[in-house]
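Asks: Let me begin by handing over the structure; questions about it come next.
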Amino acid sequence: MSRFASAEPLFSLHDIDVHFGRVQALSGTTLSINAGERVALIGANGSGKSTLLRVLHGLVPHSRGAFVSRASRRRQAMLFQRPHMLRASVRNNVALALWLHGAPWANAKREATVALARVGLAELADRNARTLSGGQQQRMALARAWVLQPDVLLLDEPTASLDPTAKRDVEALIADAAQGRTLVFASHNLGQVKRLASRVIYLEHGRLLADLPVHDFFNGPLPREARLFVKGESV
């Protein structure tokens, strides 16, 4: 069960526009996300998935519309497609997240060790984080998020560019980490969307064109653009 008790939506966006210079990244986006939902954002590159995640995390301002978040920024974590690795040990990369949230350094290192064991990286705790493989870096990033015990996980293409084995490992960890939490993730992997999501949002050129339960999205009628994307015919 989610730790949020409110019946109000966790995130509410109404008619949101986001611009980067002359580029409109989101156009008239309206949606609500409730606590405990598992929401997949899909669409081609440049559709607005990453921008929407950044809006939810408070990293990108909107130029028009209204955005209300009832989630504490300190209780949500975002994983980027290419996690930032500090020039430090794997353990210290994870411990720093807790230390920045006020935990004593000794406690942070102890909790980091536990989190690394949970993602199968205990034996690499003393290695320089920048020497990890792509799959190992994503697992370390999950540990760094996990150690904070967030209520909300925001993931931007968490298994992109990983080999099949690493994708399966990271996906299994995401499924575990999402238990009792709100999960919003961007993905091009439609199989992954079916396995992890309860709801699918399709974006194209910054516009939200479909927002459906996962079963309805893959088995019911869709807008033409979304249908072509699912069939692999969109660019």
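Labeling convention for the structure tokens: chains A, B, ... as they appear, residues from 1 per chain, ligands from 1 in order of appearance.
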Taking a cut-off of 12 Å and counting only C-alpha atoms, can you build a table that, for each residue of stretch 8-82 of chain A near stretch 123-142 of chain A, reports the nearest atom pair and how far apart they are in Å (one decimal), sorted by chain then residue number, as a Markdown table?
Replies:
| residue | atom | partner | partner_atom | distance |
| --- | --- | --- | --- | --- |
| A:Ala77 | CA | A:Leu142 | CA | 9.3 |
| A:Met78 | CA | A:Ala141 | CA | 9.3 |
| A:Leu79 | CA | A:Ala141 | CA | 6.7 |
| A:Phe80 | CA | A:Ala141 | CA | 8.6 |
| A:Gln81 | CA | A:Gln138 | CA | 8.3 |
| A:Arg82 | CA | A:Gln138 | CA | 8.0 |
Asks: Fewer than 5 positions away in the same chain doesn't count, so skip those; otherwise give me all residues within 12 Å of A:Glu37, counting only C-alpha atoms, as a list of chain:residue names.
Replies: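 That gives A:Met1, A:Ser2, A:Phe4, A:Pro9, A:Leu10, A:Phe11, A:Ser32, A:Asp151, A:Val152, A:Leu153, A:Leu154, A:Ala178, A:Gln179, A:Gly180, A:Arg181, A:Thr182, A:Leu183, A:Val184, A:Phe185, A:Leu196, A:Ala197, A:Ser198, A:Arg199, A:Val200, A:Pro213, A:Val214.
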Asks: Please identify all polymer residues within 6 Å of stretch 112-114 of chain A, counting only C-alpha atoms, omitting same-chain residues fewer than 6 positions from it, and present them as an mmCIF file with all heavy atoms, in the first residue's frame.
Replies:
data_model
loop_
_atom_site.group_PDB
_atom_site.id
_atom_site.type_symbol
_atom_site.label_atom_id
_atom_site.label_comp_id
_atom_site.auth_asym_id
_atom_site.auth_seq_id
_atom_site.Cartn_x
_atom_site.Cartn_y
_atom_site.Cartn_z
ATOM 1 N N ARG A 91 30.340 2.768 -3.182
ATOM 2 C CA ARG A 91 29.682 2.968 -1.882
ATOM 3 C C ARG A 91 29.499 4.451 -1.580
ATOM 4 O O ARG A 91 28.425 4.885 -1.151
ATOM 5 C CB ARG A 91 30.503 2.324 -0.769
ATOM 6 C CG ARG A 91 29.866 2.493 0.628
ATOM 7 C CD ARG A 91 30.757 1.972 1.731
ATOM 8 N NE ARG A 91 30.819 0.512 1.722
ATOM 9 C CZ ARG A 91 31.889 -0.185 1.338
ATOM 10 N NH1 ARG A 91 32.983 0.440 0.910
ATOM 11 N NH2 ARG A 91 31.870 -1.503 1.367
ATOM 12 N N VAL A 94 26.685 6.180 -3.447
ATOM 13 C CA VAL A 94 25.360 5.914 -2.878
ATOM 14 C C VAL A 94 25.195 6.629 -1.539
ATOM 15 O O VAL A 94 24.156 7.246 -1.266
ATOM 16 C CB VAL A 94 25.144 4.395 -2.715
ATOM 17 C CG1 VAL A 94 23.820 4.104 -2.014
ATOM 18 C CG2 VAL A 94 25.181 3.707 -4.084
ATOM 19 N N ALA A 95 26.231 6.587 -0.704
ATOM 20 C CA ALA A 95 26.147 7.188 0.626
ATOM 21 C C ALA A 95 25.927 8.692 0.553
ATOM 22 O O ALA A 95 25.248 9.280 1.412
ATOM 23 C CB ALA A 95 27.423 6.879 1.422
#
Asks: Looking only at alpha helix (DSSP H) from DSSP on the backbone, list the matching residues of stretch 187-221 of chain A as an MDAnalysis selection string.
Replies: chainID A and resid 190:196 214:219
Asks: Write the residues you've just listed into a file as a compact mmCIF listing (two decimals), in the first residue's frame, and include N, CA and C atoms for each of them.
Replies:
# COMPACT_ATOMS: atom_id res chain seq x y z
N LEU A 190 8.30 -1.86 -25.38
CA LEU A 190 6.87 -2.09 -25.15
C LEU A 190 6.62 -3.32 -24.30
N GLY A 191 7.49 -4.33 -24.39
CA GLY A 191 7.37 -5.48 -23.51
C GLY A 191 7.56 -5.07 -22.06
N GLN A 192 8.53 -4.21 -21.83
CA GLN A 192 8.78 -3.70 -20.48
C GLN A 192 7.58 -2.91 -19.97
N VAL A 193 6.98 -2.12 -20.86
CA VAL A 193 5.79 -1.35 -20.50
C VAL A 193 4.68 -2.29 -20.04
N LYS A 194 4.46 -3.36 -20.78
CA LYS A 194 3.42 -4.32 -20.41
C LYS A 194 3.71 -4.97 -19.06
N ARG A 195 4.98 -5.22 -18.78
CA ARG A 195 5.34 -5.91 -17.53
C ARG A 195 5.31 -4.99 -16.31
N LEU A 196 5.65 -3.72 -16.49
CA LEU A 196 5.83 -2.84 -15.33
C LEU A 196 4.68 -1.87 -15.10
N VAL A 214 -3.09 -0.10 -19.17
CA VAL A 214 -2.16 -0.82 -20.04
C VAL A 214 -2.89 -1.85 -20.91
N HIS A 215 -3.87 -2.56 -20.37
CA HIS A 215 -4.59 -3.56 -21.17
C HIS A 215 -5.34 -2.89 -22.32
N ASP A 216 -6.01 -1.78 -22.04
CA ASP A 216 -6.76 -1.09 -23.08
C ASP A 216 -5.85 -0.51 -24.15
N PHE A 217 -4.67 -0.02 -23.74
CA PHE A 217 -3.75 0.56 -24.70
C PHE A 217 -3.30 -0.47 -25.73
N PHE A 218 -2.99 -1.67 -25.27
CA PHE A 218 -2.46 -2.68 -26.19
C PHE A 218 -3.53 -3.55 -26.83
N ASN A 219 -4.78 -3.42 -26.40
CA ASN A 219 -5.83 -4.28 -26.94
C ASN A 219 -7.05 -3.54 -27.47
Asks: Just list as a ChimeraX atom specification whatever in stretch 21-194 of chain A DSSP marks as strand (DSSP E or B).
Replies: /A:23-33,38-42,64-69,76-79,89,128,152-156,182-186
Asks: Please, what distance in Å, to one decimal, runs between atom CA of A:Glu8 and atom CA of A:Arg144?
Replies: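 Those two atoms sit 28.7 Å apart.
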Asks: So what do you get for atom CA of A:Pro223 versus atom CA of A:His205, distance-wise?
Replies: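 Taking atom CA of A:Pro223 and atom CA of A:His205, their separation equals 14.2 Å.
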Asks: Write out as number ranges by chain which residues come within 6 Å of stretch 46-50 of chain A when counting only C-alpha atoms, dropping same-chain ones fewer than 2 positions away.
Replies: A: 25-26, 41, 43-44, 52-53, 203-206
Asks: Now that the selection is made, can you save its residues with N, CA, C and O atoms as a PDB file, in the first residue's frame?
Replies:
ATOM      1  N   ALA A  25       8.450  21.790 -26.128  1.00  0.00           N
ATOM      2  CA  ALA A  25       8.651  20.405 -25.711  1.00  0.00           C
ATOM      3  C   ALA A  25       7.379  19.752 -25.197  1.00  0.00           C
ATOM      4  O   ALA A  25       7.199  18.540 -25.327  1.00  0.00           O
ATOM      5  N   LEU A  26       6.486  20.531 -24.588  1.00  0.00           N
ATOM      6  CA  LEU A  26       5.172  20.045 -24.166  1.00  0.00           C
ATOM      7  C   LEU A  26       4.136  21.075 -24.597  1.00  0.00           C
ATOM      8  O   LEU A  26       4.375  22.287 -24.493  1.00  0.00           O
ATOM      9  N   LEU A  41       5.512   6.257 -19.872  1.00  0.00           N
ATOM     10  CA  LEU A  41       5.477   7.306 -20.889  1.00  0.00           C
ATOM     11  C   LEU A  41       6.146   6.758 -22.139  1.00  0.00           C
ATOM     12  O   LEU A  41       7.311   6.342 -22.084  1.00  0.00           O
ATOM     13  N   GLY A  43       6.627   7.003 -26.642  1.00  0.00           N
ATOM     14  CA  GLY A  43       6.610   7.886 -27.798  1.00  0.00           C
ATOM     15  C   GLY A  43       8.002   7.945 -28.386  1.00  0.00           C
ATOM     16  O   GLY A  43       8.981   7.513 -27.774  1.00  0.00           O
ATOM     17  N   ALA A  44       8.098   8.469 -29.586  1.00  0.00           N
ATOM     18  CA  ALA A  44       9.384   8.548 -30.272  1.00  0.00           C
ATOM     19  C   ALA A  44      10.308   9.544 -29.580  1.00  0.00           C
ATOM     20  O   ALA A  44       9.889  10.313 -28.709  1.00  0.00           O
ATOM     21  N   LEU A  52       8.513  15.764 -19.563  1.00  0.00           N
ATOM     22  CA  LEU A  52       7.425  15.546 -18.610  1.00  0.00           C
ATOM     23  C   LEU A  52       7.961  15.012 -17.288  1.00  0.00           C
ATOM     24  O   LEU A  52       7.541  15.454 -16.207  1.00  0.00           O
ATOM     25  N   LEU A  53       8.903  14.072 -17.342  1.00  0.00           N
ATOM     26  CA  LEU A  53       9.513  13.570 -16.109  1.00  0.00           C
ATOM     27  C   LEU A  53      10.180  14.697 -15.334  1.00  0.00           C
ATOM     28  O   LEU A  53      10.073  14.772 -14.105  1.00  0.00           O
ATOM     29  N   LEU A 203       2.875  10.089 -26.036  1.00  0.00           N
ATOM     30  CA  LEU A 203       3.173  11.472 -26.392  1.00  0.00           C
ATOM     31  C   LEU A 203       3.733  11.538 -27.801  1.00  0.00           C
ATOM     32  O   LEU A 203       4.470  10.639 -28.225  1.00  0.00           O
ATOM     33  N   GLU A 204       3.394  12.604 -28.508  1.00  0.00           N
ATOM     34  CA  GLU A 204       3.983  12.836 -29.828  1.00  0.00           C
ATOM     35  C   GLU A 204       4.131  14.335 -30.040  1.00  0.00           C
ATOM     36  O   GLU A 204       3.169  15.095 -29.905  1.00  0.00           O
ATOM     37  N   HIS A 205       5.370  14.763 -30.347  1.00  0.00           N
ATOM     38  CA  HIS A 205       5.673  16.179 -30.568  1.00  0.00           C
ATOM     39  C   HIS A 205       5.131  17.051 -29.440  1.00  0.00           C
ATOM     40  O   HIS A 205       4.592  18.132 -29.662  1.00  0.00           O
ATOM     41  N   GLY A 206       5.287  16.554 -28.207  1.00  0.00           N
ATOM     42  CA  GLY A 206       4.889  17.333 -27.039  1.00  0.00           C
ATOM     43  C   GLY A 206       3.419  17.290 -26.699  1.00  0.00           C
ATOM     44  O   GLY A 206       2.984  17.903 -25.715  1.00  0.00           O
TER      45      GLY A 206
END
Asks: Atom CA of A:His62 and atom CA of A:Val18, how far apart in Å?
Replies: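 Calculated distance between atom CA of A:Val18 and atom CA of A:His62 is 4.7 Å.
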Asks: Name all residues at most 7 Å from A:Tyr202 (count only C-alpha atoms; drop same-chain ones fewer than 5 positions away) and give them as number ranges by chain.
Replies: A: 41-43, 208-211, 226
Asks: Please dump the current selection as an mmCIF file, in the first residue's frame; keep N, CA, C and O atoms.
Replies:
data_model
loop_
_atom_site.group_PDB
_atom_site.id
_atom_site.type_symbol
_atom_site.label_atom_id
_atom_site.label_comp_id
_atom_site.auth_asym_id
_atom_site.auth_seq_id
_atom_site.Cartn_x
_atom_site.Cartn_y
_atom_site.Cartn_z
ATOM 1 N N LEU A 41 5.512 6.257 -19.872
ATOM 2 C CA LEU A 41 5.477 7.306 -20.889
ATOM 3 C C LEU A 41 6.146 6.758 -22.139
ATOM 4 O O LEU A 41 7.311 6.342 -22.084
ATOM 5 N N ILE A 42 5.423 6.720 -23.250
ATOM 6 C CA ILE A 42 6.013 6.197 -24.474
ATOM 7 C C ILE A 42 5.825 7.195 -25.607
ATOM 8 O O ILE A 42 4.987 8.101 -25.543
ATOM 9 N N GLY A 43 6.627 7.003 -26.642
ATOM 10 C CA GLY A 43 6.610 7.886 -27.798
ATOM 11 C C GLY A 43 8.002 7.945 -28.386
ATOM 12 O O GLY A 43 8.981 7.513 -27.774
ATOM 13 N N LEU A 208 -0.042 15.093 -25.674
ATOM 14 C CA LEU A 208 -0.531 13.845 -25.096
ATOM 15 C C LEU A 208 -1.692 13.351 -25.960
ATOM 16 O O LEU A 208 -2.753 13.987 -26.014
ATOM 17 N N LEU A 209 -1.493 12.212 -26.629
ATOM 18 C CA LEU A 209 -2.508 11.715 -27.561
ATOM 19 C C LEU A 209 -3.288 10.519 -27.031
ATOM 20 O O LEU A 209 -4.368 10.211 -27.551
ATOM 21 N N ALA A 210 -2.747 9.818 -26.035
ATOM 22 C CA ALA A 210 -3.466 8.673 -25.470
ATOM 23 C C ALA A 210 -3.063 8.499 -24.017
ATOM 24 O O ALA A 210 -1.898 8.687 -23.657
ATOM 25 N N ASP A 211 -4.039 8.160 -23.185
ATOM 26 C CA ASP A 211 -3.821 7.924 -21.754
ATOM 27 C C ASP A 211 -4.807 6.846 -21.334
ATOM 28 O O ASP A 211 -5.988 7.117 -21.133
ATOM 29 N N ALA A 226 -0.511 6.709 -32.317
ATOM 30 C CA ALA A 226 -0.136 5.721 -31.306
ATOM 31 C C ALA A 226 -0.171 4.311 -31.881
ATOM 32 O O ALA A 226 0.677 3.475 -31.564
#
